[in-house]
>>> print(open('entry.tsv').read())   # TSV, C-alpha atoms
chain	number	residue	atom	x	y	z
A	27	MET	CA	56.35	15.06	-32.72
A	28	MET	CA	52.95	16.61	-32.02
A	29	GLY	CA	51.24	13.67	-33.73
A	30	TYR	CA	53.24	11.25	-31.56
A	31	TRP	CA	52.11	12.89	-28.32
A	32	GLN	CA	48.53	13.14	-29.53
A	33	GLY	CA	48.61	9.40	-30.24
A	34	ILE	CA	49.88	8.66	-26.74
A	35	ILE	CA	47.23	10.91	-25.16
A	36	THR	CA	44.45	9.40	-27.29
A	37	GLY	CA	45.59	5.88	-26.47
A	38	ALA	CA	45.74	6.65	-22.74
A	39	ALA	CA	42.23	8.12	-22.90
A	40	LEU	CA	40.87	4.99	-24.60
A	41	VAL	CA	42.53	2.77	-21.99
A	42	GLY	CA	41.04	4.92	-19.23
A	43	MET	CA	37.57	4.70	-20.77
A	44	ALA	CA	37.86	0.92	-21.09
A	45	VAL	CA	38.88	0.61	-17.44
A	46	ALA	CA	35.99	2.85	-16.36
A	47	LEU	CA	33.46	0.88	-18.43
A	48	THR	CA	34.76	-2.41	-17.07
A	49	ALA	CA	34.49	-1.13	-13.50
A	50	ALA	CA	30.95	0.14	-14.15
A	51	THR	CA	29.75	-3.29	-15.30
A	52	ARG	CA	31.09	-5.09	-12.23
A	53	SER	CA	28.69	-5.87	-9.40
A	54	LYS	CA	29.45	-3.90	-6.28
A	55	GLN	CA	28.88	-5.22	-2.80
A	56	VAL	CA	27.40	-2.73	-0.38
A	57	THR	CA	27.16	-3.72	3.26
A	58	THR	CA	24.94	-0.84	4.41
A	59	LEU	CA	22.66	1.42	2.40
A	60	ASP	CA	20.72	4.23	4.11
A	61	VAL	CA	17.95	5.72	1.93
A	62	GLU	CA	14.46	7.14	2.39
A	63	ARG	CA	12.98	5.60	-0.76
A	64	ILE	CA	13.95	3.22	-3.57
A	65	ASN	CA	12.17	3.07	-6.95
A	66	ILE	CA	12.58	-0.13	-8.97
A	67	ARG	CA	12.01	0.41	-12.70
A	68	GLU	CA	12.04	-1.61	-15.91
A	69	PRO	CA	14.56	-0.65	-18.64
A	70	ASP	CA	11.85	1.46	-20.31
A	71	GLY	CA	11.33	3.43	-17.10
A	72	THR	CA	8.10	1.75	-15.96
A	73	LEU	CA	7.86	1.84	-12.17
A	74	ARG	CA	7.35	-1.66	-10.72
A	75	LEU	CA	8.16	-1.42	-7.01
A	76	VAL	CA	8.56	1.32	-4.41
A	77	ILE	CA	10.29	0.70	-1.07
A	78	SER	CA	9.80	3.64	1.24
A	79	GLY	CA	9.66	5.05	4.74
A	80	LYS	CA	6.36	6.63	5.77
A	81	ASP	CA	7.36	10.22	4.99
A	82	ARG	CA	8.17	9.36	1.36
A	83	PHE	CA	5.48	6.75	0.77
A	84	PRO	CA	3.84	7.32	-2.64
A	85	GLY	CA	0.24	7.81	-3.67
A	86	SER	CA	-1.73	5.60	-6.06
A	87	PHE	CA	-0.44	4.95	-9.58
A	88	VAL	CA	-2.47	4.32	-12.75
A	89	LYS	CA	-0.44	3.66	-15.89
A	90	GLY	CA	2.46	5.64	-14.48
A	91	GLU	CA	0.40	8.63	-13.33
A	92	GLU	CA	0.49	9.28	-9.59
A	93	MET	CA	-2.50	10.38	-7.54
A	94	ALA	CA	-1.74	12.06	-4.20
A	95	ARG	CA	-2.63	9.99	-1.11
A	96	PRO	CA	-1.70	11.93	2.04
A	97	ASP	CA	-3.67	9.35	4.03
A	98	ARG	CA	-0.87	6.87	3.36
A	99	ARG	CA	1.83	8.73	5.27
A	100	HIS	CA	1.32	6.69	8.46
A	101	ALA	CA	3.22	3.55	7.49
A	102	ALA	CA	6.40	2.39	5.78
A	103	GLY	CA	6.32	-0.39	3.23
A	104	LEU	CA	6.39	-1.65	-0.32
A	105	LEU	CA	4.06	-0.69	-3.18
A	106	PHE	CA	3.61	-3.22	-6.00
A	107	LEU	CA	2.88	-2.07	-9.58
A	108	ASN	CA	1.93	-4.15	-12.62
A	109	ASP	CA	3.42	-4.20	-16.13
A	110	GLU	CA	1.60	-0.96	-16.97
A	111	GLY	CA	2.80	0.97	-13.93
A	112	THR	CA	-0.53	0.60	-12.12
A	113	GLU	CA	-0.73	-0.22	-8.43
A	114	ASN	CA	-1.74	-3.82	-7.71
A	115	GLY	CA	-0.98	-4.39	-4.04
A	116	GLY	CA	1.51	-3.75	-1.32
A	117	LEU	CA	2.92	-4.43	2.11
A	118	ILE	CA	2.75	-1.82	4.87
A	119	TRP	CA	3.58	-1.82	8.57
A	120	ALA	CA	3.53	0.62	11.47
A	121	GLY	CA	3.55	0.60	15.25
A	122	ASN	CA	3.95	2.87	18.22
A	123	SER	CA	2.99	3.33	21.85
A	124	LYS	CA	1.92	6.79	22.99
A	125	ASP	CA	0.83	7.53	26.53
A	126	GLY	CA	0.52	3.80	27.16
A	127	THR	CA	-1.73	3.24	24.14
A	128	ILE	CA	-0.46	0.75	21.57
A	129	ASN	CA	-1.35	1.25	17.91
A	130	ALA	CA	0.37	-1.20	15.59
A	131	GLY	CA	-0.28	-3.43	12.61
A	132	ALA	CA	0.72	-4.74	9.21
A	133	SER	CA	-1.12	-5.49	5.97
A	134	LEU	CA	-0.21	-7.46	2.83
A	135	THR	CA	-2.66	-6.95	-0.05
A	136	PHE	CA	-3.15	-8.01	-3.66
A	137	ASP	CA	-5.46	-5.95	-5.90
A	138	ARG	CA	-7.76	-6.70	-8.79
A	139	TYR	CA	-6.73	-5.05	-12.07
A	140	GLU	CA	-7.13	-1.26	-11.66
A	141	ASN	CA	-9.22	-1.88	-8.56
A	142	ASP	CA	-8.82	-2.46	-4.84
A	143	GLN	CA	-7.65	-5.45	-2.83
A	144	THR	CA	-9.26	-8.87	-3.15
A	145	ILE	CA	-6.81	-10.59	-0.79
A	146	GLN	CA	-5.54	-9.16	2.49
A	147	LEU	CA	-3.39	-10.61	5.23
A	148	LEU	CA	-4.03	-8.30	8.18
A	149	GLN	CA	-2.69	-7.89	11.71
A	150	THR	CA	-3.67	-5.14	14.14
A	151	ASP	CA	-2.72	-4.58	17.78
A	152	SER	CA	-4.11	-2.14	20.33
A	153	GLY	CA	-2.52	-3.81	23.34
A	154	ASP	CA	-5.46	-5.44	25.10
A	155	ARG	CA	-7.11	-6.39	21.81
A	156	ASP	CA	-5.56	-7.65	18.59
A	157	LEU	CA	-6.64	-9.25	15.34
A	158	ALA	CA	-4.94	-11.53	12.82
A	159	ALA	CA	-6.78	-12.65	9.70
A	160	LEU	CA	-6.97	-13.58	6.04
A	161	ILE	CA	-9.72	-11.55	4.35
A	162	ILE	CA	-11.10	-12.20	0.85
A	163	SER	CA	-13.22	-9.43	-0.73
A	164	ASP	CA	-15.32	-8.84	-3.84
A	165	ARG	CA	-14.33	-6.06	-6.23
A	166	PRO	CA	-16.26	-5.01	-9.36
A	167	ASN	CA	-14.94	-5.45	-12.87
A	168	GLY	CA	-13.52	-2.25	-14.31
A	169	SER	CA	-11.28	0.57	-13.20
A	170	MET	CA	-11.91	2.36	-9.92
A	171	PHE	CA	-10.15	5.47	-11.26
A	172	GLU	CA	-11.33	8.36	-13.43
A	173	SER	CA	-9.99	11.63	-14.74
A	174	LYS	CA	-11.73	14.58	-13.07
A	175	ASP	CA	-10.88	18.16	-13.96
A	176	GLY	CA	-7.69	16.88	-15.56
A	177	LYS	CA	-6.65	15.05	-12.41
A	178	LEU	CA	-6.71	11.38	-11.50
A	179	ALA	CA	-9.35	10.52	-8.90
A	180	VAL	CA	-11.16	7.56	-7.39
A	181	LYS	CA	-14.71	7.10	-8.69
A	182	PRO	CA	-17.36	7.68	-5.99
A	183	GLY	CA	-18.11	4.38	-4.27
A	184	ALA	CA	-15.60	2.51	-6.41
A	185	ALA	CA	-13.38	1.62	-3.47
A	186	GLU	CA	-16.23	-0.23	-1.80
A	187	GLY	CA	-16.20	-4.01	-1.99
A	188	PRO	CA	-17.90	-6.45	0.38
A	189	PRO	CA	-15.77	-8.93	2.32
A	190	ARG	CA	-16.69	-12.53	1.48
A	191	LEU	CA	-14.43	-14.62	3.72
A	192	PHE	CA	-12.73	-14.04	7.08
A	193	VAL	CA	-10.37	-16.62	8.56
A	194	GLY	CA	-8.52	-15.68	11.70
A	195	LYS	CA	-8.48	-14.64	15.32
A	196	SER	CA	-10.99	-11.95	16.24
A	197	ARG	CA	-10.44	-9.07	18.66
A	198	ASP	CA	-12.22	-11.05	21.39
A	199	ARG	CA	-9.67	-13.88	20.91
A	200	ALA	CA	-12.05	-16.29	19.20
A	201	SER	CA	-10.97	-18.45	16.26
A	202	VAL	CA	-13.40	-17.62	13.46
A	203	VAL	CA	-14.23	-18.73	9.94
A	204	MET	CA	-16.93	-16.42	8.54
A	205	LEU	CA	-18.55	-16.62	5.10
A	206	GLN	CA	-20.44	-13.58	3.81
A	207	ASP	CA	-22.84	-13.00	0.92
A	208	ALA	CA	-22.45	-10.54	-1.97
A	209	ASN	CA	-23.64	-7.73	0.31
A	210	GLY	CA	-20.99	-8.50	2.92
A	211	ILE	CA	-23.52	-9.88	5.41
A	212	PRO	CA	-22.25	-12.87	7.44
A	213	ARG	CA	-24.30	-15.97	6.57
A	214	LEU	CA	-22.30	-18.83	8.07
A	215	MET	CA	-19.88	-18.69	11.00
A	216	LEU	CA	-17.67	-21.31	12.59
A	217	ARG	CA	-16.39	-20.14	15.95
A	218	VAL	CA	-14.28	-21.39	18.86
A	219	ASP	CA	-14.19	-19.08	21.90
A	220	PRO	CA	-11.16	-18.74	24.19
A	221	ASP	CA	-12.76	-21.07	26.74
A	222	GLY	CA	-13.20	-23.80	24.11
A	223	THR	CA	-16.90	-23.26	23.43
A	224	SER	CA	-17.57	-24.01	19.76
A	225	SER	CA	-20.50	-23.37	17.44
A	226	ILE	CA	-21.71	-23.22	13.86
A	227	ASP	CA	-24.14	-20.35	13.22
A	228	PHE	CA	-26.51	-20.03	10.26
A	229	ILE	CA	-27.44	-16.38	9.70
A	230	ASP	CA	-30.17	-14.68	7.65
A	231	GLU	CA	-29.95	-11.63	5.39
A	232	LYS	CA	-30.62	-9.33	8.36
A	233	GLY	CA	-27.65	-10.67	10.28
A	234	GLU	CA	-29.78	-12.61	12.76
A	235	VAL	CA	-28.84	-16.15	13.77
A	236	LEU	CA	-31.40	-18.62	12.42
A	237	ARG	CA	-29.81	-21.66	13.97
A	238	SER	CA	-26.75	-22.36	16.10
A	239	ILE	CA	-25.24	-25.85	16.31
A	240	GLY	CA	-23.04	-26.83	19.23
A	241	PRO	CA	-20.84	-29.95	19.65
A	242	ARG	CA	-23.71	-31.89	21.29
A	243	ASP	CA	-26.50	-30.89	18.87
>>> encode(input="entry.tsv", output="structure tokens")
Amino acid sequence: MMGYWQGIITGAALVGMAVALTAATRSKQVTTLDVERINIREPDGTLRLVISGKDRFPGSFVKGEEMARPDRRHAAGLLFLNDEGTENGGLIWAGNSKDGTINAGASLTFDRYENDQTIQLLQTDSGDRDLAALIISDRPNGSMFESKDGKLAVKPGAAEGPPRLFVGKSRDRASVVMLQDANGIPRLMLRVDPDGTSSIDFIDEKGEVLRSIGPRD
């Protein structure tokens, strides 16, 4: 008799486990999800994407190791990481108005391997002045990170990288295409001012205009 009841109990347990496993494998539809941060990982645990509010926004990652970045706690956004768990770009946005002063903007960036951004889509707004642009920058070959006193750190000067191309609307509301040399100095500028005045400027290594061509030149 005891064996009979044990068989029934064991069978019921197996059925219950099967039902639970089946339910676990089914996709669940969630209409609203309130969270402060979401980490997207590969099956091996490698972090690939972070979606976060500003208070939980992460630092920089290099091969899965995180470096504190308290300077990043001003914006919400997404942090992109490559196959090795190293940061390689992101999307951030913020905006507020305090005492009548507007401070808002958004930035989408893509980084060179273990280095800083080479492509940036940028928008800033201070109320009476705003900017919207595509910016292409130079970054050196090699990692911008080092281990210092057992902690991950940015190499001195490694985050520097001259801008090479600016395409957008400047803060003075001009449409601008600007090409810069390897030192970040503007050398050629195409410009259309708000009133329709247009020009092509050729610029020397000191930033001085050598020649300016207008529509009637």
>>> residues_around(input="entry.tsv", residues="Gly210 of chain A", least_positions_apart="3", cutoff="10 Å", atoms="only C-alpha atoms", output="PyMOL selection string")
chain A and resi 163-164+187-191+205-207+213+231
>>> write_last_selection(input="entry.tsv", atoms="C-alpha atoms", output="tab-separated table (two decimals), in the frame of the given file")
chain	number	residue	atom	x	y	z
A	163	SER	CA	-13.22	-9.43	-0.73
A	164	ASP	CA	-15.32	-8.84	-3.84
A	187	GLY	CA	-16.20	-4.01	-1.99
A	188	PRO	CA	-17.90	-6.45	0.38
A	189	PRO	CA	-15.77	-8.93	2.32
A	190	ARG	CA	-16.69	-12.53	1.48
A	191	LEU	CA	-14.43	-14.62	3.72
A	205	LEU	CA	-18.55	-16.62	5.10
A	206	GLN	CA	-20.44	-13.58	3.81
A	207	ASP	CA	-22.84	-13.00	0.92
A	213	ARG	CA	-24.30	-15.97	6.57
A	231	GLU	CA	-29.95	-11.63	5.39
>>> axis_aligned_box(input="entry.tsv", around="segment 223-233 of chain A", padding_each_side="8 Å", output="lines of an AutoDock Vina configuration file")
center_x = -23.8
center_y = -16.7
center_z = 14.4
size_x = 29.7
size_y = 30.7
size_z = 34.0
>>> closest_residue(input="entry.tsv", among="A:Phe83, A:Trp119, A:Phe171, A:Phe228", to="Tyr139 of chain A", atoms="all atoms listed in the file")
A:Phe171
>>> closest_residue(input="entry.tsv", among="A:Glu92, A:Glu234, A:Asp137, A:Asp60", to="Asn108 of chain A", atoms="only C-alpha atoms")
A:Asp137
>>> residues_around(input="entry.tsv", residues="Ser224 of chain A", least_positions_apart="2", cutoff="12 Å", atoms="all atoms listed in the file", output="ChimeraX atom specification")
/A:200-203,215-222,226-227,238-243
>>> closest_residue(input="entry.tsv", among="A:Val235, A:Gly131, A:Asp175, A:Thr112", to="Phe87 of chain A", atoms="all atoms listed in the file")
A:Thr112
>>> atom_distance(input="entry.tsv", atom1="atom CA of Leu134 of chain A", atom2="atom CA of Gly71 of chain A")
25.5 Å
>>> closest_residue(input="entry.tsv", among="A:Ala130, A:Ala120, A:Ile64, A:Ile161", to="Leu147 of chain A", atoms="only C-alpha atoms")
A:Ile161
>>> closest_residue(input="entry.tsv", among="A:Thr144, A:Gln149, A:Thr223, A:Asn167", to="Ser196 of chain A", atoms="all atoms listed in the file")
A:Gln149
>>> atom_distance(input="entry.tsv", atom1="atom CA of Val88 of chain A", atom2="atom CA of Leu59 of chain A")
29.5 Å
>>> closest_residue(input="entry.tsv", among="A:Gly103, A:Gly111, A:Pro96, A:Gly153", to="Arg74 of chain A", atoms="all atoms listed in the file")
A:Gly111
>>> atom_distance(input="entry.tsv", atom1="atom CA of Ile145 of chain A", atom2="atom CA of Leu73 of chain A")
22.3 Å
>>> build_atoms(input="entry.tsv", residues="segment 73-99 of chain A", atoms="N, CA and C atoms", output="mmCIF file, in the coordinates of the input")
data_model
loop_
_atom_site.group_PDB
_atom_site.id
_atom_site.type_symbol
_atom_site.label_atom_id
_atom_site.label_comp_id
_atom_site.auth_asym_id
_atom_site.auth_seq_id
_atom_site.Cartn_x
_atom_site.Cartn_y
_atom_site.Cartn_z
ATOM 1 N N LEU A 73 7.698 2.093 -13.605
ATOM 2 C CA LEU A 73 7.860 1.840 -12.170
ATOM 3 C C LEU A 73 7.183 0.534 -11.793
ATOM 4 N N ARG A 74 7.896 -0.358 -11.080
ATOM 5 C CA ARG A 74 7.350 -1.660 -10.720
ATOM 6 C C ARG A 74 7.292 -1.904 -9.228
ATOM 7 N N LEU A 75 8.120 -1.210 -8.443
ATOM 8 C CA LEU A 75 8.160 -1.420 -7.010
ATOM 9 C C LEU A 75 8.716 -0.179 -6.327
ATOM 10 N N VAL A 76 8.060 0.220 -5.233
ATOM 11 C CA VAL A 76 8.560 1.320 -4.410
ATOM 12 C C VAL A 76 8.780 0.791 -2.997
ATOM 13 N N ILE A 77 9.970 1.028 -2.462
ATOM 14 C CA ILE A 77 10.290 0.700 -1.070
ATOM 15 C C ILE A 77 10.527 2.026 -0.363
ATOM 16 N N SER A 78 9.751 2.293 0.695
ATOM 17 C CA SER A 78 9.800 3.640 1.240
ATOM 18 C C SER A 78 9.492 3.684 2.724
ATOM 19 N N GLY A 79 10.078 4.692 3.398
ATOM 20 C CA GLY A 79 9.660 5.050 4.740
ATOM 21 C C GLY A 79 8.335 5.789 4.655
ATOM 22 N N LYS A 80 7.711 6.044 5.794
ATOM 23 C CA LYS A 80 6.360 6.630 5.770
ATOM 24 C C LYS A 80 6.327 8.052 5.211
ATOM 25 N N ASP A 81 7.374 8.835 5.443
ATOM 26 C CA ASP A 81 7.360 10.220 4.990
ATOM 27 C C ASP A 81 7.480 10.361 3.474
ATOM 28 N N ARG A 82 8.004 9.326 2.813
ATOM 29 C CA ARG A 82 8.170 9.360 1.360
ATOM 30 C C ARG A 82 7.280 8.359 0.640
ATOM 31 N N PHE A 83 6.314 7.773 1.388
ATOM 32 C CA PHE A 83 5.480 6.750 0.770
ATOM 33 C C PHE A 83 4.614 7.369 -0.325
ATOM 34 N N PRO A 84 4.510 6.707 -1.488
ATOM 35 C CA PRO A 84 3.840 7.320 -2.640
ATOM 36 C C PRO A 84 2.315 7.250 -2.560
ATOM 37 N N GLY A 85 1.679 7.898 -3.521
ATOM 38 C CA GLY A 85 0.240 7.810 -3.670
ATOM 39 C C GLY A 85 -0.131 6.609 -4.515
ATOM 40 N N SER A 86 -1.298 6.668 -5.159
ATOM 41 C CA SER A 86 -1.730 5.600 -6.060
ATOM 42 C C SER A 86 -1.221 5.879 -7.474
ATOM 43 N N PHE A 87 -0.908 4.813 -8.207
ATOM 44 C CA PHE A 87 -0.440 4.950 -9.580
ATOM 45 C C PHE A 87 -1.395 4.253 -10.541
ATOM 46 N N VAL A 88 -1.695 4.917 -11.663
ATOM 47 C CA VAL A 88 -2.470 4.320 -12.750
ATOM 48 C C VAL A 88 -1.736 4.602 -14.048
ATOM 49 N N LYS A 89 -1.210 3.538 -14.649
ATOM 50 C CA LYS A 89 -0.440 3.660 -15.890
ATOM 51 C C LYS A 89 0.638 4.740 -15.794
ATOM 52 N N GLY A 90 1.335 4.736 -14.667
ATOM 53 C CA GLY A 90 2.460 5.640 -14.480
ATOM 54 C C GLY A 90 2.102 6.999 -13.915
ATOM 55 N N GLU A 91 0.818 7.334 -13.877
ATOM 56 C CA GLU A 91 0.400 8.630 -13.330
ATOM 57 C C GLU A 91 0.100 8.475 -11.847
ATOM 58 N N GLU A 92 0.650 9.375 -11.038
ATOM 59 C CA GLU A 92 0.490 9.280 -9.590
ATOM 60 C C GLU A 92 -0.630 10.186 -9.088
ATOM 61 N N MET A 93 -1.442 9.626 -8.197
ATOM 62 C CA MET A 93 -2.500 10.380 -7.540
ATOM 63 C C MET A 93 -2.114 10.558 -6.076
ATOM 64 N N ALA A 94 -2.157 11.773 -5.578
ATOM 65 C CA ALA A 94 -1.740 12.060 -4.200
ATOM 66 C C ALA A 94 -2.601 11.288 -3.200
ATOM 67 N N ARG A 95 -1.938 10.710 -2.185
ATOM 68 C CA ARG A 95 -2.630 9.990 -1.110
ATOM 69 C C ARG A 95 -1.994 10.350 0.224
ATOM 70 N N PRO A 96 -2.289 11.540 0.750
ATOM 71 C CA PRO A 96 -1.700 11.930 2.040
ATOM 72 C C PRO A 96 -2.117 11.023 3.177
ATOM 73 N N ASP A 97 -3.211 10.267 2.987
ATOM 74 C CA ASP A 97 -3.670 9.350 4.030
ATOM 75 C C ASP A 97 -2.741 8.162 4.209
ATOM 76 N N ARG A 98 -1.789 8.007 3.303
ATOM 77 C CA ARG A 98 -0.870 6.870 3.360
ATOM 78 C C ARG A 98 0.410 7.177 4.139
ATOM 79 N N ARG A 99 0.569 8.341 4.649
ATOM 80 C CA ARG A 99 1.830 8.730 5.270
ATOM 81 C C ARG A 99 1.945 8.259 6.720
#
